[in-house]
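Colleague: This is query_24.txt, which holds compact mmCIF, C-alpha atoms and all ligand atoms:
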# COMPACT_ATOMS: atom_id res chain seq x y z
CA MET A 203 8.75 -109.04 95.99
CA PRO A 204 11.29 -106.19 96.24
CA PRO A 205 10.33 -103.21 98.39
CA ARG A 206 9.05 -100.17 96.50
CA LYS A 207 11.23 -97.09 96.35
CA SER A 208 10.24 -94.31 98.70
CA PHE A 209 9.02 -90.99 97.33
CA VAL A 210 12.07 -89.16 98.67
CA SER A 211 14.53 -91.55 97.05
CA SER A 212 12.54 -91.59 93.81
CA ILE A 213 12.91 -87.83 93.41
CA GLY A 214 16.60 -87.92 94.28
CA LEU A 215 16.42 -86.24 97.69
CA GLU A 216 17.89 -89.18 99.58
CA PRO A 217 21.46 -87.80 99.73
CA LEU A 218 20.08 -84.48 100.96
CA PHE A 219 18.29 -86.10 103.87
CA ASN A 220 21.04 -88.57 104.70
CA ARG A 221 23.62 -85.79 104.84
CA GLY A 222 24.57 -84.98 108.40
CA SER A 223 21.96 -87.16 109.99
CA GLY A 224 24.55 -89.68 111.13
CA SER A 225 21.90 -91.95 112.55
CA SER A 226 19.02 -92.12 110.15
CA SER A 227 18.71 -95.83 110.81
CA SER A 228 18.98 -95.47 114.57
CA SER A 229 15.64 -93.83 115.13
CA PRO A 230 13.26 -94.18 112.24
CA SER A 231 9.82 -92.91 113.10
CA THR A 232 7.70 -95.99 113.36
CA ASP A 233 5.01 -96.80 115.90
CA GLU A 234 7.45 -98.87 117.97
CA SER A 235 10.41 -96.49 117.88
CA ASP A 236 8.28 -93.39 118.55
CA THR A 237 8.06 -94.51 122.15
CA PRO A 238 11.45 -93.84 123.74
CA LYS A 239 13.20 -96.79 125.36
CA LYS A 240 14.17 -96.05 128.95
CA SER A 241 16.53 -97.74 131.34
CA TRP A 242 15.84 -98.40 135.01
CA TYR A 243 18.16 -95.56 136.05
CA ASP A 244 16.03 -93.08 134.08
CA TYR A 245 13.39 -93.60 136.77
CA LEU A 246 15.70 -92.86 139.74
CA PRO A 247 14.95 -89.08 139.71
CA LEU A 248 11.22 -89.96 139.54
CA CYS A 249 11.67 -92.07 142.72
CA GLY A 250 13.27 -88.95 144.24
CA THR A 251 10.24 -86.84 143.22
CA VAL A 252 7.79 -89.33 144.76
CA SER A 253 9.91 -89.58 147.94
CA LEU A 254 10.04 -85.79 148.29
CA ILE A 255 6.23 -85.54 148.00
CA LEU A 256 5.71 -88.31 150.58
CA ALA A 257 8.55 -87.28 152.94
CA PRO A 258 6.62 -84.65 154.99
CA HIS A 259 3.57 -86.88 155.58
CA PRO A 260 4.75 -88.86 158.68
CA SER A 261 5.62 -85.59 160.47
CA LEU A 262 2.42 -83.95 159.17
CA LEU A 263 0.26 -86.79 160.52
CA TYR A 264 2.10 -86.65 163.83
CA VAL A 265 1.49 -82.88 164.17
CA LEU A 266 -2.15 -83.13 163.09
CA VAL A 267 -2.92 -85.94 165.57
CA ASP A 268 -0.84 -84.69 168.48
CA PHE A 269 -1.50 -80.97 168.19
CA HIS A 270 -4.92 -80.55 166.54
CA LEU A 271 -6.58 -83.65 167.97
CA LYS A 272 -4.94 -84.22 171.36
CA THR A 273 -3.85 -80.70 172.41
CA LEU A 274 -6.46 -78.44 170.77
CA ARG A 275 -9.20 -81.13 170.76
CA GLN A 276 -10.61 -79.84 167.46
CA PRO A 277 -11.64 -82.88 165.39
CA LEU A 278 -13.32 -80.70 162.74
CA LEU A 279 -10.11 -78.70 162.13
CA PHE A 280 -8.14 -81.96 162.10
CA ALA A 281 -10.50 -83.45 159.46
CA THR A 282 -10.32 -80.27 157.35
CA HIS A 283 -6.51 -80.32 157.34
CA ILE A 284 -6.49 -84.04 156.47
CA ILE A 285 -8.93 -83.57 153.57
CA ILE A 286 -7.06 -80.58 152.11
CA THR A 287 -3.54 -81.99 152.45
CA TYR A 288 -4.42 -85.44 151.12
CA GLY A 289 -6.65 -83.94 148.41
CA LEU A 290 -3.68 -81.87 147.17
CA THR A 291 -1.41 -84.93 147.44
CA PHE A 292 -3.89 -86.92 145.34
CA LEU A 293 -4.02 -84.14 142.71
CA ALA A 294 -0.21 -84.00 142.61
CA PHE A 295 0.08 -87.75 142.06
CA SER A 296 -2.74 -87.87 139.48
CA SER A 297 -0.98 -85.26 137.30
CA LEU A 298 2.42 -86.88 137.93
CA ILE A 299 1.08 -90.18 136.57
CA ILE A 300 -0.23 -88.39 133.45
CA CYS A 301 3.12 -86.61 132.85
CA VAL A 302 4.98 -89.91 133.15
CA SER A 303 2.62 -92.17 131.21
CA ARG A 304 1.12 -90.01 128.45
CA ASP A 305 2.87 -89.42 125.14
CA PRO A 306 3.81 -85.71 125.23
CA GLY A 307 3.12 -85.13 121.51
CA PRO A 308 3.69 -87.67 118.75
CA VAL A 309 4.51 -86.02 115.43
CA THR A 310 3.92 -88.85 113.01
CA SER A 311 4.31 -92.58 112.95
CA ASN A 312 4.24 -93.65 109.34
CA VAL A 313 6.81 -91.81 107.28
CA SER A 314 9.08 -94.09 105.31
CA SER A 315 12.77 -94.16 106.04
CA PRO A 316 15.18 -94.93 103.22
CA ALA A 317 17.42 -96.62 105.74
CA ASN A 318 15.06 -99.32 106.94
CA GLY A 319 12.92 -99.58 103.82
CA THR A 320 10.15 -101.31 105.76
CA ALA A 321 7.73 -98.49 106.50
CA ASP A 322 4.63 -97.81 104.49
CA ASP A 323 5.78 -95.92 101.42
CA GLU A 324 2.30 -94.82 100.45
CA VAL A 325 1.82 -93.00 103.74
CA GLY A 326 5.31 -91.56 103.34
CA LEU A 327 4.21 -90.18 99.98
CA THR A 328 1.13 -88.65 101.57
CA GLU A 329 3.22 -87.03 104.28
CA ALA A 330 5.75 -85.84 101.72
CA LEU A 331 3.02 -84.19 99.67
CA MET A 332 1.45 -82.44 102.65
CA PRO A 333 0.98 -78.85 101.48
CA ASP A 334 2.33 -77.25 104.65
CA ILE A 335 5.56 -79.24 104.72
CA ASP A 336 8.37 -77.98 102.53
CA LEU A 337 10.98 -80.74 102.49
CA SER A 338 13.75 -78.45 101.34
CA GLU A 339 13.21 -76.00 104.18
CA PRO A 340 15.56 -76.50 107.14
CA GLY A 341 13.74 -76.93 110.43
CA ARG A 342 10.64 -78.42 108.79
CA TRP A 343 11.94 -81.96 108.50
CA CYS A 344 13.69 -83.93 111.22
CA ARG A 345 16.57 -85.89 109.75
CA LYS A 346 16.92 -87.98 112.90
CA CYS A 347 13.28 -89.11 113.08
CA TRP A 348 12.83 -89.01 109.32
CA ALA A 349 9.56 -87.21 109.82
CA PRO A 350 7.94 -83.82 109.20
CA LYS A 351 8.61 -81.29 111.92
CA PRO A 352 5.54 -79.11 112.45
CA GLU A 353 5.71 -75.60 113.85
CA ARG A 354 7.07 -75.38 117.43
CA THR A 355 8.11 -79.04 117.33
CA HIS A 356 11.58 -79.92 118.61
CA HIS A 357 13.71 -83.01 118.54
CA CYS A 358 14.61 -84.18 122.05
CA SER A 359 18.07 -85.71 122.02
CA GLN A 360 17.47 -87.54 125.34
CA CYS A 361 14.23 -89.15 124.13
CA GLY A 362 15.52 -89.55 120.56
CA ARG A 363 12.30 -88.27 119.01
CA CYS A 364 10.37 -85.16 118.02
CA VAL A 365 7.74 -83.75 120.37
CA LEU A 366 4.89 -81.42 119.41
CA LYS A 367 5.19 -78.00 121.09
CA MET A 368 8.00 -79.36 123.24
CA ASP A 369 8.48 -77.36 126.41
CA HIS A 370 11.46 -79.16 127.95
CA HIS A 371 12.81 -82.57 128.86
CA CYS A 372 12.22 -83.32 132.54
CA PRO A 373 14.38 -85.98 134.25
CA TRP A 374 12.37 -85.60 137.48
CA LEU A 375 9.18 -86.86 135.82
CA GLY A 376 10.42 -90.23 134.57
CA SER A 377 12.90 -88.73 132.09
CA SER A 378 10.09 -87.67 129.78
CA CYS A 379 9.39 -84.63 127.68
CA ILE A 380 6.77 -82.05 128.55
CA GLY A 381 4.92 -81.23 125.34
CA HIS A 382 1.58 -80.35 123.80
CA ARG A 383 -0.29 -83.27 125.42
CA THR A 384 1.27 -83.11 128.90
CA TYR A 385 1.84 -79.41 129.53
CA PRO A 386 -1.52 -78.81 131.34
CA ALA A 387 -0.80 -81.84 133.56
CA PHE A 388 2.67 -80.45 134.27
CA ILE A 389 1.22 -77.08 135.36
CA HIS A 390 -1.37 -78.98 137.39
CA PHE A 391 1.44 -80.91 139.10
CA LEU A 392 3.46 -77.78 139.91
CA SER A 393 0.33 -76.00 141.22
CA SER A 394 -0.68 -78.94 143.44
CA VAL A 395 2.81 -79.30 144.93
CA THR A 396 3.11 -75.53 145.51
CA LEU A 397 -0.32 -75.33 147.19
CA LEU A 398 0.51 -78.40 149.32
CA SER A 399 3.82 -76.80 150.38
CA ILE A 400 2.10 -73.51 151.27
CA TYR A 401 -0.57 -75.35 153.26
CA ILE A 402 1.95 -77.46 155.18
CA ALA A 403 4.01 -74.32 155.93
CA ILE A 404 0.90 -72.50 157.24
CA ILE A 405 -0.20 -75.44 159.43
CA SER A 406 3.25 -75.95 160.95
CA ILE A 407 4.05 -72.25 161.49
CA SER A 408 0.70 -71.64 163.21
CA ALA A 409 1.28 -74.73 165.41
CA LEU A 410 4.81 -73.52 166.17
CA TRP A 411 3.43 -70.10 167.10
CA TYR A 412 1.01 -71.75 169.54
CA ALA A 413 3.86 -73.82 171.06
CA PHE A 414 5.93 -70.67 171.71
CA HIS A 415 3.05 -69.01 173.54
CA ASN A 416 1.86 -72.12 175.37
CA PRO A 417 5.04 -74.14 176.00
CA PHE A 418 3.59 -76.22 178.87
CA THR A 419 0.48 -77.43 177.06
CA VAL A 420 2.13 -79.08 174.05
CA ASN A 421 4.06 -82.32 173.74
CA GLU A 422 7.79 -81.46 173.87
CA ALA A 423 8.62 -83.45 170.67
CA THR A 424 5.93 -81.77 168.56
CA PRO A 425 7.65 -78.35 168.01
CA ILE A 426 10.67 -80.14 166.44
CA GLN A 427 8.39 -81.85 163.92
CA GLU A 428 6.64 -78.52 163.28
CA LEU A 429 9.98 -76.80 162.72
CA ILE A 430 11.07 -79.44 160.17
CA LEU A 431 7.72 -79.19 158.40
CA ALA A 432 7.86 -75.39 158.30
CA PHE A 433 11.37 -75.55 156.81
CA ILE A 434 10.33 -78.10 154.14
CA GLY A 435 7.14 -76.15 153.34
CA ILE A 436 8.96 -72.84 152.90
CA ILE A 437 11.80 -74.32 150.79
CA PHE A 438 9.37 -76.16 148.48
CA THR A 439 7.13 -73.11 148.20
CA LEU A 440 10.10 -70.97 147.13
CA VAL A 441 11.63 -73.50 144.71
CA ILE A 442 8.53 -75.04 143.05
CA GLY A 443 6.55 -71.79 143.42
CA SER A 444 9.23 -69.83 141.53
CA PHE A 445 9.21 -72.44 138.80
CA LEU A 446 5.40 -72.25 138.65
CA CYS A 447 5.49 -68.42 138.42
CA TYR A 448 7.98 -68.71 135.55
CA HIS A 449 5.57 -71.02 133.72
CA PHE A 450 2.67 -68.64 134.41
CA TYR A 451 4.77 -65.98 132.66
CA LEU A 452 5.49 -68.36 129.76
CA ILE A 453 1.78 -69.21 129.37
CA SER A 454 0.80 -65.51 129.54
CA THR A 455 3.28 -64.66 126.75
CA ASN A 456 2.71 -67.91 124.80
CA GLN A 457 6.26 -69.21 124.90
CA THR A 458 7.71 -72.61 125.63
CA THR A 459 10.78 -72.93 127.85
CA ILE A 460 12.88 -73.81 124.80
CA GLU A 461 11.64 -70.74 122.90
CA ASN A 462 12.28 -68.55 125.93
CA ILE A 463 15.88 -69.66 126.50
CA SER A 464 16.91 -70.07 122.83
CA PRO A 465 17.20 -66.63 121.20
CA PHE A 466 18.36 -67.98 117.84
CA LEU A 467 15.14 -69.95 117.27
CA ILE A 468 13.63 -66.76 115.83
CA LEU A 469 16.05 -67.13 112.90
CA ARG A 470 13.68 -69.84 111.63
CA HIS A 471 11.14 -67.10 110.95
CA LEU A 472 13.45 -64.77 109.05
CA PRO A 473 13.74 -64.50 105.26
CA PRO A 474 17.10 -65.29 103.57
CA LEU A 475 19.76 -62.71 104.53
CA ARG A 476 22.78 -61.48 102.61
CA ARG A 477 26.18 -61.19 104.28
CA GLY A 478 29.47 -60.27 102.67
CA GLY A 479 28.04 -60.44 99.16
CA HIS A 480 26.48 -63.90 99.44
CA THR A 481 23.10 -65.14 100.57
CA LEU A 482 22.91 -67.07 103.85
CA SER A 483 20.94 -70.26 104.38
CA ASP A 484 17.17 -70.15 104.34
CA PRO A 485 16.44 -69.67 107.22
CA PRO A 486 19.79 -68.19 108.37
CA LEU A 487 21.87 -70.26 110.78
CA GLU A 488 23.40 -68.97 114.02
CA GLN A 489 26.96 -69.82 112.97
CA GLU A 490 26.57 -67.77 109.78
CA LEU A 491 25.97 -64.54 111.69
CA SER A 492 28.62 -62.06 112.77
CA SER A 493 29.03 -61.30 116.49
CA ALA A 494 27.20 -57.97 116.04
CA GLN A 495 24.32 -59.74 114.31
CA ARG A 496 24.16 -62.33 117.09
CA ARG A 497 23.98 -59.59 119.71
CA LEU A 498 21.15 -57.95 117.78
CA VAL A 499 19.22 -61.24 117.59
CA LYS A 500 19.67 -61.77 121.35
CA ASP A 501 18.37 -58.26 122.07
CA ALA A 502 15.42 -58.68 119.71
CA HIS A 503 14.51 -62.10 121.14
CA GLY A 504 13.14 -60.58 124.36
CA ALA A 505 10.82 -58.24 122.43
CA ILE A 506 9.54 -60.50 119.62
CA ARG A 507 6.92 -62.92 120.88
CA ILE A 508 5.80 -64.71 117.77
CA TYR A 509 2.80 -66.58 119.20
CA ASP A 510 1.64 -64.04 121.80
CA VAL A 511 -1.99 -63.28 120.89
CA GLY A 512 -3.03 -61.68 124.20
CA TRP A 513 -2.86 -63.22 127.67
CA ARG A 514 -6.46 -64.47 127.66
CA SER A 515 -6.10 -66.25 124.30
CA ASN A 516 -2.70 -67.55 125.36
CA TRP A 517 -4.18 -69.18 128.47
CA THR A 518 -7.07 -70.51 126.38
CA GLN A 519 -4.58 -72.18 124.02
CA VAL A 520 -3.15 -74.16 126.95
CA PHE A 521 -6.22 -74.86 129.09
CA GLY A 522 -9.17 -74.49 126.69
CA LEU A 523 -10.83 -71.88 128.88
CA ASN A 524 -13.40 -71.11 126.15
CA ARG A 525 -15.01 -74.56 126.31
CA PRO A 526 -17.73 -75.23 128.86
CA PHE A 527 -16.08 -77.16 131.69
CA GLY A 528 -13.06 -77.75 129.40
CA TRP A 529 -10.83 -75.94 131.86
CA LEU A 530 -12.26 -78.05 134.71
CA ILE A 531 -11.41 -81.27 132.85
CA ARG A 532 -7.86 -80.06 132.25
CA ILE A 533 -7.42 -78.89 135.82
CA TRP A 534 -8.92 -82.06 137.27
CA TYR A 535 -7.02 -84.66 135.30
CA GLY A 536 -4.61 -82.56 133.29
CA GLY A 537 -6.03 -83.26 129.83
CA ALA A 538 -4.07 -82.26 126.73
CA SER A 539 -4.13 -78.71 125.42
CA PRO A 540 -6.84 -78.10 122.78
CA GLY A 541 -5.87 -78.14 119.11
CA ASP A 542 -3.63 -80.47 117.15
CA GLY A 543 -0.34 -79.03 118.45
CA ARG A 544 0.81 -78.35 114.87
CA HIS A 545 -0.81 -75.05 113.95
CA PHE A 546 -0.71 -71.88 116.04
CA SER A 547 -2.05 -68.39 115.49
CA ARG A 548 0.70 -65.78 115.23
CA ASN A 549 1.13 -62.33 116.61
CA ARG A 550 0.76 -59.91 113.66
CA ARG A 551 3.00 -57.36 115.29
CA ALA A 552 5.71 -60.00 115.61
CA ASP A 553 5.75 -60.43 111.80
CA GLU A 554 6.41 -56.69 111.41
CA MET A 555 9.17 -56.87 114.03
CA LEU A 556 10.74 -59.89 112.33
CA ALA A 557 10.81 -58.00 109.02
CA ARG A 558 12.43 -55.06 110.82
CA LEU A 559 14.96 -57.37 112.47
CA ALA A 560 15.89 -58.83 109.06
CA THR A 561 16.48 -55.30 107.72
CA GLU A 562 18.55 -54.34 110.77
CA LEU A 563 20.64 -57.51 110.52
CA VAL A 564 21.62 -56.63 106.94
CA LYS A 565 22.24 -53.00 107.91
CA ILE A 566 24.44 -53.81 110.94
CA ASP A 567 26.56 -56.12 108.78
CA ARG A 568 27.15 -53.34 106.26
CA ASN A 569 28.22 -50.92 109.01
CA ILE A 570 30.99 -53.19 110.36
ZN ZN A 601 13.11 -85.68 115.49
ZN ZN A 602 12.74 -85.76 126.02
Show this structure as structure tokens.

Modeller:
Amino acid sequence: MPPRKSFVSSIGLEPLFNRGSGSSSSSPSTDESDTPKKSWYDYLPLCGTVSLILAPHPSLLYVLVDFHLKTLRQPLLFATHIIITYGLTFLAFSSLIICVSRDPGPVTSNVSSPANGTADDEVGLTEALMPDIDLSEPGRWCRKCWAPKPERTHHCSQCGRCVLKMDHHCPWLGSSCIGHRTYPAFIHFLSSVTLLSIYIAIISISALWYAFHNPFTVNEATPIQELILAFIGIIFTLVIGSFLCYHFYLISTNQTTIENISPFLILRHLPPLRRGGHTLSDPPLEQELSSAQRRLVKDAHGAIRIYDVGWRSNWTQVFGLNRPFGWLIRIWYGGASPGDGRHFSRNRRADEMLARLATELVKIDRNI
């Protein structure tokens, strides 16, 4: 029995979607292909991450046993340090496992591809008729995955798939994307590593301080270990802590890393513009703008926060702070953000600013 024609091909849109895709048959969005295939070398940076977390522990154990147990003779303090450091290490590894193993945000798995002709056409028809997906609108349909592209979804070229509310692609966490379903675990991981680094730095600096003031009561090899630990603790606190602070800022302003570093993404939210007597694409494309218009978009990008609905609501969108114990679940095992990852409330003021930006873009073009 011959395969049925897909909805898209039956209404004559096939050439439109094949145009420029280049690889529509390379990554059709089926259940199997939605999971990116990785090579062994993709996991090498992850081995580096695990090694870096474990690296300070031999020296830490040495300092805790030699200084806190043998020199100070304080078993209670020793036990407290052990519980806190290994508790934080456990939390770091638990969230690391989630970031590596959980799907960051599957978009769809059953849209038919004209190239393979084997997917379920009826589901493809359902997806194609979804009221909030306009197939003719650029940015709302991924030609590489052959799937709808919901709001804030991006196609990751390394993973070869679309990810809901994609934040960034992280080679250090098993070459996986951080998206709607793994972002809380990612923040959990950064927080655990930063707290562990701060704690190790405090333990080692205080032990080093004691060694300076009581040089004849400590083992002569211990201060070297304490110095190494203090150095590692401070470096990790500065590097991972800065990264964590940046993500706290992104959460507070409801932006993803991609949205924050890509000023021309706001073009997706603009109405059709006119330039030089002809109408630009809908939405306008970066390459269609003049240099003055590009500068204006870059300046406006810092001020227009499309999804910023107040810092409290922004944090709630990520961690579900409004649910009883929901935040605890997400902090404990890094559960997914609440919601479906496809629909987001918008900042009303941003809509006004976008309209003003569209007007200014037309005006600045006329003044050149
Ligand atoms: Zn895609
Ligand atoms: Zn990726």

Colleague: Collect all residues with atoms no farther than 10 Å from ligand ZN 601 (chain A), counting all atoms listed in the file, and output them as a PyMOL selection string.

Modeller: chain A and resi 229-231+236+309+343-351+355-359+361-365

Colleague: Hey, what's within 6 Å of segment 286-303 of chain A if we count only C-alpha atoms and toss same-chain stuff fewer than 2 positions away? As a list in words, please?

Modeller: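 Counting only the stated atoms, we get His283, Ile284, Leu375, Gly376, Thr384, Ala387, Phe391, Ser394 and Leu398 of chain A.
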
Colleague: What does the distance between atom CA of Pro306 of chain A and atom CA of Ser378 of chain A come to in Å, to one decimal place?

Modeller: 8.0 Å

Colleague: Fewer than 6 positions away in the same chain doesn't count, so skip those; otherwise give me all residues within 10 Å of segment 558-561 of chain A, counting only C-alpha atoms, as a VMD selection string.

Modeller: chain A and resid 469 471 to 476 495 498 to 499 502 to 503 506 552

Colleague: Give the answer as one residue: which of A:Val267, A:Ala494, A:Ile434, A:Ala538 has the shortest atom-to-atom distance to Leu254 of chain A, using only C-alpha atoms?

Modeller: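 Residue with the minimum atom-to-atom distance to Leu254 of chain A: A:Ile434.
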
Colleague: May I ask for the distance between atom CA of Leu523 of chain A and atom CA of Leu440 of chain A, given in Å to one decimal place?

Modeller: 27.8 Å

Colleague: Between atom CA of Val441 of chain A and atom CA of Tyr509 of chain A, what is the distance in Å, rounded to a tenth?

Modeller: 27.9 Å
